[in-house]
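S.K.: I have a structure here, written as structure tokens, and I will follow up with some questions on it.
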Amino acid sequence: MGFDHAAAGQRLLESGYSVDGYLSDPLVLLSAIAASTTRLRLLTSVLVAPYYPAVLLANQAATLDALSGGRLILGVAVGWKADDFDAIGVPFRERGARIDDHLAAAKTLWTQRPADFDGPFTTLRDARAVVPFGAMVSRLVRVLRTKSNSIVR
């Protein structure tokens, strides 16, 4: 059909911006698409990184990337809807610091074995990731050079 990628966005609560009144979890939806395709790239557009604990984010993204043969393009953002943050108990005002922490911790898990990390929200000691990390590591290491605090200001 000529499609290059499938993109999946994220909302936790109704916002009035989705086509059918809801948006599925991007990692779950893209996992289903990965199981049904062989070449289609899988794009989170976007995954709100502060919603996830750092280790869970690293594990889920790496698992999807490994199962799809390296087809995941992980697009992340700080989020904008305070109601979503309230619903999961994550302070909205911390979203910039949390995305910096979570992505730095994920990068550490993806590139070091064992991994040690000290951040404001994540601490890792002698941690070993449980999933193999493929092509995603080199793509994400480049992307993670951009800090999110400038976005939030």
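In the structure tokens, the first chain shown is A, the next is B, and so on; residue numbers restart at 1 for each chain, and ligands run from 1 in the order shown.
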DSSP on the backbone, helix (DSSP H, G or I) only: what residues of segment 57-109 of chain A does that give? Format it as a PyMOL selection string.

M.R.: chain A and resi 57-67+82-88+92-109

S.K.: List every residue of segment 64-135 of chain A that DSSP, applied to the backbone of this structure, places in strand (DSSP E), and write the result as a list in words.

M.R.: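 Secondary structure check on segment 64-135 of chain A, strand (DSSP E): Leu72, Ile73, Leu74, Gly75, Val76, Ala77, Ala115, Asp116, Phe117, Asp118, Thr123, Leu124, Arg125, Asp126 and Ala127 of chain A.
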
S.K.: Mind writing the picked residues with N, CA and C atoms as an mmCIF file, in the first residue's frame?

M.R.:
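This is the output file again.cif:
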```cif
data_model
loop_
_atom_site.group_PDB
_atom_site.id
_atom_site.type_symbol
_atom_site.label_atom_id
_atom_site.label_comp_id
_atom_site.auth_asym_id
_atom_site.auth_seq_id
_atom_site.Cartn_x
_atom_site.Cartn_y
_atom_site.Cartn_z
ATOM 1 N N LEU A 72 10.823 0.424 16.044
ATOM 2 C CA LEU A 72 10.228 1.465 16.879
ATOM 3 C C LEU A 72 10.954 2.796 16.722
ATOM 4 N N ILE A 73 10.181 3.850 16.531
ATOM 5 C CA ILE A 73 10.665 5.232 16.599
ATOM 6 C C ILE A 73 9.945 5.830 17.803
ATOM 7 N N LEU A 74 10.696 6.066 18.863
ATOM 8 C CA LEU A 74 10.101 6.502 20.121
ATOM 9 C C LEU A 74 10.055 8.022 20.180
ATOM 10 N N GLY A 75 8.863 8.569 19.943
ATOM 11 C CA GLY A 75 8.639 10.006 20.071
ATOM 12 C C GLY A 75 8.067 10.277 21.448
ATOM 13 N N VAL A 76 8.707 11.146 22.216
ATOM 14 C CA VAL A 76 8.268 11.417 23.583
ATOM 15 C C VAL A 76 8.011 12.910 23.777
ATOM 16 N N ALA A 77 7.211 13.216 24.787
ATOM 17 C CA ALA A 77 6.914 14.605 25.133
ATOM 18 C C ALA A 77 6.671 14.706 26.628
ATOM 19 N N ALA A 115 24.042 -1.109 35.024
ATOM 20 C CA ALA A 115 23.753 0.318 34.962
ATOM 21 C C ALA A 115 23.647 0.908 36.363
ATOM 22 N N ASP A 116 24.290 2.046 36.525
ATOM 23 C CA ASP A 116 24.161 2.846 37.745
ATOM 24 C C ASP A 116 23.675 4.224 37.339
ATOM 25 N N PHE A 117 22.686 4.733 38.067
ATOM 26 C CA PHE A 117 22.108 6.033 37.729
ATOM 27 C C PHE A 117 21.570 6.685 38.990
ATOM 28 N N ASP A 118 21.837 7.975 39.137
ATOM 29 C CA ASP A 118 21.282 8.770 40.236
ATOM 30 C C ASP A 118 20.562 9.967 39.652
ATOM 31 N N THR A 123 16.751 5.916 40.818
ATOM 32 C CA THR A 123 18.065 5.472 41.279
ATOM 33 C C THR A 123 18.250 4.030 40.853
ATOM 34 N N LEU A 124 19.355 3.758 40.188
ATOM 35 C CA LEU A 124 19.683 2.405 39.750
ATOM 36 C C LEU A 124 21.048 2.029 40.296
ATOM 37 N N ARG A 125 21.147 0.836 40.842
ATOM 38 C CA ARG A 125 22.421 0.315 41.330
ATOM 39 C C ARG A 125 22.629 -1.071 40.744
ATOM 40 N N ASP A 126 23.694 -1.222 39.975
ATOM 41 C CA ASP A 126 24.044 -2.527 39.422
ATOM 42 C C ASP A 126 22.852 -3.164 38.693
ATOM 43 N N ALA A 127 22.080 -2.323 37.990
ATOM 44 C CA ALA A 127 20.867 -2.786 37.304
ATOM 45 C C ALA A 127 21.206 -3.399 35.958
#
```

S.K.: Using only C-alpha atoms, which of A:Ala58, A:Ala129, A:Ala87, A:Leu43 sits nearest Pro26 of chain A?

M.R.: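 Ranking A:Ala58, A:Ala129, A:Ala87, A:Leu43 by distance to Pro26 of chain A, first place goes to A:Leu43.
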
S.K.: Excluding same-chain residues fewer than 2 positions from Leu27 of chain A, what lies within 12 Å of it counting only C-alpha atoms, as an mmCIF file with all heavy atoms, in the first residue's frame?

M.R.:
```cif
data_model
loop_
_atom_site.group_PDB
_atom_site.id
_atom_site.type_symbol
_atom_site.label_atom_id
_atom_site.label_comp_id
_atom_site.auth_asym_id
_atom_site.auth_seq_id
_atom_site.Cartn_x
_atom_site.Cartn_y
_atom_site.Cartn_z
ATOM 1 N N ALA A 6 3.304 3.632 11.017
ATOM 2 C CA ALA A 6 2.041 3.812 11.736
ATOM 3 C C ALA A 6 2.361 4.637 12.968
ATOM 4 O O ALA A 6 3.364 4.396 13.640
ATOM 5 C CB ALA A 6 1.474 2.457 12.151
ATOM 6 N N ALA A 7 1.522 5.629 13.254
ATOM 7 C CA ALA A 7 1.755 6.499 14.401
ATOM 8 C C ALA A 7 0.621 6.345 15.399
ATOM 9 O O ALA A 7 -0.546 6.227 15.022
ATOM 10 C CB ALA A 7 1.860 7.951 13.943
ATOM 11 N N ALA A 8 0.981 6.347 16.675
ATOM 12 C CA ALA A 8 -0.020 6.239 17.738
ATOM 13 C C ALA A 8 0.276 7.279 18.805
ATOM 14 O O ALA A 8 1.402 7.385 19.287
ATOM 15 C CB ALA A 8 0.011 4.833 18.351
ATOM 16 N N GLY A 9 -0.736 8.063 19.152
ATOM 17 C CA GLY A 9 -0.609 9.091 20.181
ATOM 18 C C GLY A 9 -1.112 8.594 21.521
ATOM 19 O O GLY A 9 -1.486 7.437 21.671
ATOM 20 N N GLN A 10 -1.129 9.507 22.496
ATOM 21 C CA GLN A 10 -1.487 9.084 23.843
ATOM 22 C C GLN A 10 -2.300 10.149 24.561
ATOM 23 O O GLN A 10 -1.942 11.321 24.580
ATOM 24 C CB GLN A 10 -0.224 8.800 24.657
ATOM 25 C CG GLN A 10 -0.510 8.297 26.052
ATOM 26 C CD GLN A 10 0.746 7.821 26.748
ATOM 27 O OE1 GLN A 10 1.795 8.419 26.639
ATOM 28 N NE2 GLN A 10 0.627 6.719 27.449
ATOM 29 N N LEU A 23 -7.999 7.612 22.545
ATOM 30 C CA LEU A 23 -6.731 7.213 21.929
ATOM 31 C C LEU A 23 -6.207 6.033 22.718
ATOM 32 O O LEU A 23 -6.149 6.078 23.941
ATOM 33 C CB LEU A 23 -5.714 8.354 21.970
ATOM 34 C CG LEU A 23 -5.963 9.529 21.033
ATOM 35 C CD1 LEU A 23 -4.985 10.658 21.322
ATOM 36 C CD2 LEU A 23 -5.833 9.104 19.585
ATOM 37 N N SER A 24 -5.833 4.987 22.050
ATOM 38 C CA SER A 24 -5.307 3.802 22.720
ATOM 39 C C SER A 24 -3.919 4.067 23.255
ATOM 40 O O SER A 24 -3.232 4.995 22.833
ATOM 41 C CB SER A 24 -5.247 2.636 21.729
ATOM 42 O OG SER A 24 -6.522 2.360 21.224
ATOM 43 N N ASP A 25 -3.473 3.224 24.171
ATOM 44 C CA ASP A 25 -2.097 3.293 24.644
ATOM 45 C C ASP A 25 -1.186 3.031 23.453
ATOM 46 O O ASP A 25 -1.333 2.018 22.760
ATOM 47 C CB ASP A 25 -1.870 2.249 25.738
ATOM 48 C CG ASP A 25 -0.463 2.289 26.260
ATOM 49 O OD1 ASP A 25 0.435 1.715 25.590
ATOM 50 O OD2 ASP A 25 -0.247 2.885 27.313
ATOM 51 N N LEU A 29 -1.002 -0.527 21.263
ATOM 52 C CA LEU A 29 -1.491 -0.484 19.883
ATOM 53 C C LEU A 29 -0.383 -0.821 18.887
ATOM 54 O O LEU A 29 -0.576 -1.627 17.970
ATOM 55 C CB LEU A 29 -2.077 0.892 19.577
ATOM 56 C CG LEU A 29 -2.619 1.097 18.167
ATOM 57 C CD1 LEU A 29 -3.729 0.108 17.858
ATOM 58 C CD2 LEU A 29 -3.102 2.527 17.998
ATOM 59 N N LEU A 30 0.795 -0.245 19.078
ATOM 60 C CA LEU A 30 1.898 -0.523 18.148
ATOM 61 C C LEU A 30 2.403 -1.954 18.266
ATOM 62 O O LEU A 30 2.897 -2.514 17.284
ATOM 63 C CB LEU A 30 3.032 0.480 18.356
ATOM 64 C CG LEU A 30 2.693 1.923 17.963
ATOM 65 C CD1 LEU A 30 3.824 2.867 18.344
ATOM 66 C CD2 LEU A 30 2.350 2.039 16.483
ATOM 67 N N SER A 31 2.253 -2.568 19.423
ATOM 68 C CA SER A 31 2.610 -3.994 19.561
ATOM 69 C C SER A 31 1.704 -4.853 18.682
ATOM 70 O O SER A 31 2.170 -5.797 18.029
ATOM 71 C CB SER A 31 2.494 -4.433 21.019
ATOM 72 O OG SER A 31 3.462 -3.791 21.804
ATOM 73 N N ALA A 32 0.422 -4.536 18.672
ATOM 74 C CA ALA A 32 -0.508 -5.274 17.815
ATOM 75 C C ALA A 32 -0.175 -5.062 16.342
ATOM 76 O O ALA A 32 -0.200 -6.003 15.547
ATOM 77 C CB ALA A 32 -1.948 -4.843 18.112
ATOM 78 N N ILE A 33 0.156 -3.841 15.978
ATOM 79 C CA ILE A 33 0.527 -3.554 14.587
ATOM 80 C C ILE A 33 1.825 -4.279 14.224
ATOM 81 O O ILE A 33 1.948 -4.835 13.129
ATOM 82 C CB ILE A 33 0.638 -2.036 14.365
ATOM 83 C CG1 ILE A 33 -0.742 -1.384 14.516
ATOM 84 C CG2 ILE A 33 1.258 -1.721 13.007
ATOM 85 C CD1 ILE A 33 -0.725 0.128 14.549
ATOM 86 N N ALA A 34 2.776 -4.301 15.146
ATOM 87 C CA ALA A 34 4.052 -4.994 14.890
ATOM 88 C C ALA A 34 3.825 -6.473 14.616
ATOM 89 O O ALA A 34 4.491 -7.059 13.764
ATOM 90 C CB ALA A 34 4.991 -4.822 16.082
ATOM 91 N N LEU A 42 7.147 1.876 13.412
ATOM 92 C CA LEU A 42 6.183 2.090 14.487
ATOM 93 C C LEU A 42 6.566 3.346 15.255
ATOM 94 O O LEU A 42 7.617 3.390 15.890
ATOM 95 C CB LEU A 42 6.177 0.877 15.418
ATOM 96 C CG LEU A 42 6.080 -0.483 14.708
ATOM 97 C CD1 LEU A 42 6.449 -1.608 15.638
ATOM 98 C CD2 LEU A 42 4.692 -0.653 14.122
ATOM 99 N N LEU A 43 5.731 4.371 15.206
ATOM 100 C CA LEU A 43 6.047 5.673 15.781
ATOM 101 C C LEU A 43 5.106 6.012 16.924
ATOM 102 O O LEU A 43 3.889 6.008 16.741
ATOM 103 C CB LEU A 43 5.945 6.744 14.693
ATOM 104 C CG LEU A 43 5.991 8.208 15.116
ATOM 105 C CD1 LEU A 43 7.358 8.546 15.719
ATOM 106 C CD2 LEU A 43 5.671 9.109 13.936
ATOM 107 N N THR A 44 5.666 6.303 18.090
ATOM 108 C CA THR A 44 4.846 6.885 19.153
ATOM 109 C C THR A 44 4.824 8.383 18.891
ATOM 110 O O THR A 44 5.851 9.040 18.852
ATOM 111 C CB THR A 44 5.392 6.590 20.564
ATOM 112 O OG1 THR A 44 6.716 7.088 20.676
ATOM 113 C CG2 THR A 44 5.366 5.106 20.861
ATOM 114 N N SER A 45 3.626 8.914 18.722
ATOM 115 C CA SER A 45 3.478 10.321 18.335
ATOM 116 C C SER A 45 2.357 10.966 19.139
ATOM 117 O O SER A 45 1.281 11.218 18.631
ATOM 118 C CB SER A 45 3.180 10.413 16.852
ATOM 119 O OG SER A 45 2.980 11.754 16.478
ATOM 120 N N VAL A 46 2.572 11.207 20.376
ATOM 121 C CA VAL A 46 3.768 10.990 21.168
ATOM 122 C C VAL A 46 3.406 10.180 22.403
ATOM 123 O O VAL A 46 2.238 10.088 22.772
ATOM 124 C CB VAL A 46 4.443 12.310 21.627
ATOM 125 C CG1 VAL A 46 4.978 13.096 20.481
ATOM 126 C CG2 VAL A 46 3.520 13.137 22.512
ATOM 127 N N LEU A 47 4.435 9.643 23.027
ATOM 128 C CA LEU A 47 4.298 8.965 24.301
ATOM 129 C C LEU A 47 4.701 9.974 25.380
ATOM 130 O O LEU A 47 5.747 10.608 25.266
ATOM 131 C CB LEU A 47 5.228 7.750 24.336
ATOM 132 C CG LEU A 47 5.166 6.924 25.608
ATOM 133 C CD1 LEU A 47 5.010 5.453 25.260
ATOM 134 C CD2 LEU A 47 6.403 7.132 26.429
ATOM 135 N N VAL A 48 3.865 10.143 26.393
ATOM 136 C CA VAL A 48 4.147 11.107 27.453
ATOM 137 C C VAL A 48 5.028 10.405 28.492
ATOM 138 O O VAL A 48 4.545 9.680 29.356
ATOM 139 C CB VAL A 48 2.853 11.669 28.064
ATOM 140 C CG1 VAL A 48 3.174 12.694 29.146
ATOM 141 C CG2 VAL A 48 1.976 12.291 26.979
ATOM 142 N N ALA A 49 6.322 10.619 28.377
ATOM 143 C CA ALA A 49 7.304 9.902 29.200
ATOM 144 C C ALA A 49 7.109 10.076 30.706
ATOM 145 O O ALA A 49 7.315 9.124 31.451
ATOM 146 C CB ALA A 49 8.718 10.296 28.789
ATOM 147 N N TYR A 52 5.274 7.360 32.941
ATOM 148 C CA TYR A 52 5.857 6.045 33.190
ATOM 149 C C TYR A 52 7.042 6.136 34.145
ATOM 150 O O TYR A 52 7.895 7.004 33.971
ATOM 151 C CB TYR A 52 6.382 5.439 31.879
ATOM 152 C CG TYR A 52 5.349 5.217 30.833
ATOM 153 C CD1 TYR A 52 4.924 6.255 30.007
ATOM 154 C CD2 TYR A 52 4.790 3.959 30.641
ATOM 155 C CE1 TYR A 52 3.966 6.053 29.031
ATOM 156 C CE2 TYR A 52 3.834 3.747 29.664
ATOM 157 C CZ TYR A 52 3.424 4.791 28.869
ATOM 158 O OH TYR A 52 2.478 4.596 27.903
ATOM 159 N N LEU A 56 10.196 1.111 33.741
ATOM 160 C CA LEU A 56 9.077 0.575 32.954
ATOM 161 C C LEU A 56 9.109 1.121 31.533
ATOM 162 O O LEU A 56 8.934 0.367 30.569
ATOM 163 C CB LEU A 56 7.750 0.915 33.635
ATOM 164 C CG LEU A 56 6.490 0.376 32.990
ATOM 165 C CD1 LEU A 56 6.483 -1.153 33.000
ATOM 166 C CD2 LEU A 56 5.260 0.912 33.707
ATOM 167 N N LEU A 57 9.340 2.411 31.383
ATOM 168 C CA LEU A 57 9.443 3.014 30.053
ATOM 169 C C LEU A 57 10.559 2.359 29.245
ATOM 170 O O LEU A 57 10.362 1.974 28.091
ATOM 171 C CB LEU A 57 9.697 4.520 30.182
ATOM 172 C CG LEU A 57 10.013 5.266 28.891
ATOM 173 C CD1 LEU A 57 8.822 5.256 27.953
ATOM 174 C CD2 LEU A 57 10.434 6.691 29.213
ATOM 175 N N ALA A 58 11.723 2.218 29.856
ATOM 176 C CA ALA A 58 12.864 1.602 29.163
ATOM 177 C C ALA A 58 12.554 0.170 28.753
ATOM 178 O O ALA A 58 12.848 -0.247 27.630
ATOM 179 C CB ALA A 58 14.098 1.639 30.065
ATOM 180 N N ASN A 59 11.942 -0.581 29.645
ATOM 181 C CA ASN A 59 11.640 -1.983 29.376
ATOM 182 C C ASN A 59 10.586 -2.134 28.279
ATOM 183 O O ASN A 59 10.746 -2.930 27.354
ATOM 184 C CB ASN A 59 11.183 -2.669 30.667
ATOM 185 C CG ASN A 59 10.927 -4.139 30.466
ATOM 186 O OD1 ASN A 59 9.861 -4.516 30.011
ATOM 187 N ND2 ASN A 59 11.891 -4.956 30.815
ATOM 188 N N GLN A 60 9.497 -1.378 28.378
ATOM 189 C CA GLN A 60 8.425 -1.519 27.392
ATOM 190 C C GLN A 60 8.871 -1.077 26.001
ATOM 191 O O GLN A 60 8.573 -1.740 25.006
ATOM 192 C CB GLN A 60 7.191 -0.739 27.838
ATOM 193 C CG GLN A 60 6.493 -1.377 29.011
ATOM 194 C CD GLN A 60 5.243 -0.629 29.428
ATOM 195 O OE1 GLN A 60 5.084 0.568 29.176
ATOM 196 N NE2 GLN A 60 4.339 -1.334 30.076
ATOM 197 N N ALA A 61 9.585 0.041 25.922
ATOM 198 C CA ALA A 61 10.054 0.518 24.618
ATOM 199 C C ALA A 61 11.045 -0.467 24.003
ATOM 200 O O ALA A 61 10.963 -0.791 22.814
ATOM 201 C CB ALA A 61 10.679 1.900 24.759
ATOM 202 N N ALA A 62 11.965 -0.959 24.810
ATOM 203 C CA ALA A 62 12.959 -1.903 24.294
ATOM 204 C C ALA A 62 12.319 -3.225 23.894
ATOM 205 O O ALA A 62 12.732 -3.844 22.905
ATOM 206 C CB ALA A 62 14.047 -2.135 25.336
ATOM 207 N N THR A 63 11.327 -3.663 24.645
ATOM 208 C CA THR A 63 10.630 -4.901 24.299
ATOM 209 C C THR A 63 9.941 -4.771 22.952
ATOM 210 O O THR A 63 10.071 -5.642 22.083
ATOM 211 C CB THR A 63 9.605 -5.277 25.391
ATOM 212 O OG1 THR A 63 10.291 -5.465 26.631
ATOM 213 C CG2 THR A 63 8.841 -6.534 25.017
ATOM 214 N N LEU A 64 9.207 -3.671 22.754
ATOM 215 C CA LEU A 64 8.531 -3.455 21.472
ATOM 216 C C LEU A 64 9.550 -3.346 20.343
ATOM 217 O O LEU A 64 9.364 -3.921 19.267
ATOM 218 C CB LEU A 64 7.647 -2.207 21.536
ATOM 219 C CG LEU A 64 6.961 -1.794 20.239
ATOM 220 C CD1 LEU A 64 6.172 -2.945 19.604
ATOM 221 C CD2 LEU A 64 6.065 -0.586 20.487
ATOM 222 N N ASP A 65 10.645 -2.644 20.571
ATOM 223 C CA ASP A 65 11.661 -2.518 19.541
ATOM 224 C C ASP A 65 12.249 -3.876 19.183
ATOM 225 O O ASP A 65 12.425 -4.204 18.013
ATOM 226 C CB ASP A 65 12.764 -1.561 20.002
ATOM 227 C CG ASP A 65 13.685 -1.188 18.858
ATOM 228 O OD1 ASP A 65 13.209 -0.614 17.873
ATOM 229 O OD2 ASP A 65 14.896 -1.486 18.954
ATOM 230 N N LEU A 67 10.889 -6.951 19.668
ATOM 231 C CA LEU A 67 9.881 -7.824 19.049
ATOM 232 C C LEU A 67 9.552 -7.407 17.617
ATOM 233 O O LEU A 67 9.162 -8.240 16.807
ATOM 234 C CB LEU A 67 8.614 -7.851 19.888
ATOM 235 C CG LEU A 67 8.729 -8.539 21.248
ATOM 236 C CD1 LEU A 67 7.423 -8.406 22.034
ATOM 237 C CD2 LEU A 67 9.104 -10.002 21.080
ATOM 238 N N SER A 68 9.712 -6.116 17.319
ATOM 239 C CA SER A 68 9.390 -5.636 15.976
ATOM 240 C C SER A 68 10.597 -5.647 15.044
ATOM 241 O O SER A 68 10.493 -5.207 13.906
ATOM 242 C CB SER A 68 8.822 -4.211 16.054
ATOM 243 O OG SER A 68 9.822 -3.285 16.437
ATOM 244 N N LEU A 72 10.823 0.424 16.044
ATOM 245 C CA LEU A 72 10.228 1.465 16.879
ATOM 246 C C LEU A 72 10.954 2.796 16.722
ATOM 247 O O LEU A 72 12.179 2.863 16.762
ATOM 248 C CB LEU A 72 10.257 1.062 18.353
ATOM 249 C CG LEU A 72 9.705 2.104 19.339
ATOM 250 C CD1 LEU A 72 8.227 2.373 19.083
ATOM 251 C CD2 LEU A 72 9.931 1.651 20.769
ATOM 252 N N ILE A 73 10.181 3.850 16.531
ATOM 253 C CA ILE A 73 10.665 5.232 16.599
ATOM 254 C C ILE A 73 9.945 5.830 17.803
ATOM 255 O O ILE A 73 8.736 6.027 17.776
ATOM 256 C CB ILE A 73 10.332 6.023 15.319
ATOM 257 C CG1 ILE A 73 10.913 5.327 14.093
ATOM 258 C CG2 ILE A 73 10.823 7.456 15.447
ATOM 259 C CD1 ILE A 73 10.360 5.853 12.782
ATOM 260 N N LEU A 74 10.696 6.066 18.863
ATOM 261 C CA LEU A 74 10.101 6.502 20.121
ATOM 262 C C LEU A 74 10.055 8.022 20.180
ATOM 263 O O LEU A 74 11.066 8.680 20.402
ATOM 264 C CB LEU A 74 10.903 5.944 21.296
ATOM 265 C CG LEU A 74 10.348 6.179 22.687
ATOM 266 C CD1 LEU A 74 8.996 5.489 22.861
ATOM 267 C CD2 LEU A 74 11.329 5.675 23.740
ATOM 268 N N GLY A 75 8.863 8.569 19.943
ATOM 269 C CA GLY A 75 8.639 10.006 20.071
ATOM 270 C C GLY A 75 8.067 10.277 21.448
ATOM 271 O O GLY A 75 7.049 9.689 21.817
ATOM 272 N N VAL A 76 8.707 11.146 22.216
ATOM 273 C CA VAL A 76 8.268 11.417 23.583
ATOM 274 C C VAL A 76 8.011 12.910 23.777
ATOM 275 O O VAL A 76 8.525 13.742 23.026
ATOM 276 C CB VAL A 76 9.293 10.926 24.624
ATOM 277 C CG1 VAL A 76 9.490 9.430 24.531
ATOM 278 C CG2 VAL A 76 10.612 11.652 24.492
#
```

S.K.: Give me the residues near Pro53 of chain A as a ChimeraX atom specification, where near means some atom within 10 Å (using only C-alpha atoms) and where sequence neighbours in that chain fewer than 5 positions away do not count.

M.R.: /A:58,98-99,101-102,105-106,121-122

S.K.: What is the atom CA of Gly70 of chain A-atom CA of Leu109 of chain A distance in Å, reported with one decimal?

M.R.: 17.0 Å

S.K.: Given the choices A:Gly79, A:Gly119, A:Gly69, A:Gly89, which gets closest to Ala54 of chain A if the distance is worked out from only C-alpha atoms?

M.R.: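 Residue with the minimum atom-to-atom distance to Ala54 of chain A: A:Gly119.
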
S.K.: Skipping near chain neighbours, those fewer than 2 positions away, what residues fall within 12 Å of Pro91 of chain A using only C-alpha atoms, listed as number ranges by chain?

M.R.: A: 50-51, 78-89, 93-98

S.K.: Now that the selection is made, can you save its residues with N, CA and C atoms as a PDB file, in the first residue's frame?

M.R.:
```pdb
ATOM      1  N   PRO A  50       6.707  11.250  31.207  1.00  0.00           N
ATOM      2  CA  PRO A  50       6.539  11.379  32.662  1.00  0.00           C
ATOM      3  C   PRO A  50       5.424  10.509  33.256  1.00  0.00           C
ATOM      4  N   TYR A  51       4.549   9.953  32.422  1.00  0.00           N
ATOM      5  CA  TYR A  51       3.507   9.043  32.933  1.00  0.00           C
ATOM      6  C   TYR A  51       4.099   7.732  33.439  1.00  0.00           C
ATOM      7  N   VAL A  78       6.591  15.940  27.110  1.00  0.00           N
ATOM      8  CA  VAL A  78       6.372  16.181  28.536  1.00  0.00           C
ATOM      9  C   VAL A  78       4.902  16.092  28.926  1.00  0.00           C
ATOM     10  N   GLY A  79       3.989  16.224  27.985  1.00  0.00           N
ATOM     11  CA  GLY A  79       2.564  16.230  28.289  1.00  0.00           C
ATOM     12  C   GLY A  79       2.063  17.638  28.551  1.00  0.00           C
ATOM     13  N   TRP A  80       0.752  17.807  28.406  1.00  0.00           N
ATOM     14  CA  TRP A  80       0.195  19.150  28.545  1.00  0.00           C
ATOM     15  C   TRP A  80      -1.087  19.185  29.369  1.00  0.00           C
ATOM     16  N   LYS A  81      -1.699  18.040  29.601  1.00  0.00           N
ATOM     17  CA  LYS A  81      -3.027  18.014  30.223  1.00  0.00           C
ATOM     18  C   LYS A  81      -2.900  17.667  31.708  1.00  0.00           C
ATOM     19  N   ALA A  82      -3.082  18.676  32.554  1.00  0.00           N
ATOM     20  CA  ALA A  82      -2.915  18.501  34.002  1.00  0.00           C
ATOM     21  C   ALA A  82      -3.841  17.424  34.558  1.00  0.00           C
ATOM     22  N   ASP A  83      -5.038  17.278  34.001  1.00  0.00           N
ATOM     23  CA  ASP A  83      -5.979  16.258  34.484  1.00  0.00           C
ATOM     24  C   ASP A  83      -5.403  14.847  34.358  1.00  0.00           C
ATOM     25  N   ASP A  84      -4.688  14.585  33.287  1.00  0.00           N
ATOM     26  CA  ASP A  84      -4.070  13.263  33.113  1.00  0.00           C
ATOM     27  C   ASP A  84      -3.044  12.996  34.213  1.00  0.00           C
ATOM     28  N   PHE A  85      -2.233  13.989  34.506  1.00  0.00           N
ATOM     29  CA  PHE A  85      -1.226  13.838  35.557  1.00  0.00           C
ATOM     30  C   PHE A  85      -1.884  13.638  36.920  1.00  0.00           C
ATOM     31  N   ASP A  86      -2.930  14.421  37.193  1.00  0.00           N
ATOM     32  CA  ASP A  86      -3.658  14.271  38.462  1.00  0.00           C
ATOM     33  C   ASP A  86      -4.222  12.860  38.602  1.00  0.00           C
ATOM     34  N   ALA A  87      -4.731  12.303  37.509  1.00  0.00           N
ATOM     35  CA  ALA A  87      -5.364  10.979  37.544  1.00  0.00           C
ATOM     36  C   ALA A  87      -4.386   9.868  37.909  1.00  0.00           C
ATOM     37  N   ILE A  88      -3.107  10.049  37.608  1.00  0.00           N
ATOM     38  CA  ILE A  88      -2.122   9.001  37.922  1.00  0.00           C
ATOM     39  C   ILE A  88      -1.207   9.390  39.085  1.00  0.00           C
ATOM     40  N   GLY A  89      -1.470  10.534  39.709  1.00  0.00           N
ATOM     41  CA  GLY A  89      -0.712  10.925  40.891  1.00  0.00           C
ATOM     42  C   GLY A  89       0.688  11.437  40.619  1.00  0.00           C
ATOM     43  N   ARG A  93       3.676  19.893  37.685  1.00  0.00           N
ATOM     44  CA  ARG A  93       4.800  20.830  37.690  1.00  0.00           C
ATOM     45  C   ARG A  93       6.155  20.123  37.581  1.00  0.00           C
ATOM     46  N   GLU A  94       6.183  18.809  37.810  1.00  0.00           N
ATOM     47  CA  GLU A  94       7.432  18.047  37.740  1.00  0.00           C
ATOM     48  C   GLU A  94       7.676  17.413  36.378  1.00  0.00           C
ATOM     49  N   ARG A  95       6.789  17.629  35.423  1.00  0.00           N
ATOM     50  CA  ARG A  95       6.879  16.868  34.177  1.00  0.00           C
ATOM     51  C   ARG A  95       8.181  17.100  33.411  1.00  0.00           C
ATOM     52  N   GLY A  96       8.714  18.311  33.413  1.00  0.00           N
ATOM     53  CA  GLY A  96       9.975  18.576  32.724  1.00  0.00           C
ATOM     54  C   GLY A  96      11.144  17.851  33.369  1.00  0.00           C
ATOM     55  N   ALA A  97      11.209  17.940  34.687  1.00  0.00           N
ATOM     56  CA  ALA A  97      12.287  17.255  35.412  1.00  0.00           C
ATOM     57  C   ALA A  97      12.143  15.741  35.279  1.00  0.00           C
ATOM     58  N   ARG A  98      10.909  15.255  35.277  1.00  0.00           N
ATOM     59  CA  ARG A  98      10.688  13.812  35.159  1.00  0.00           C
ATOM     60  C   ARG A  98      11.094  13.281  33.787  1.00  0.00           C
TER      61      ARG A  98
END
```

S.K.: Atom CA of Ala35 of chain A and atom CA of Gly2 of chain A, how far apart in Å?

M.R.: 18.4 Å
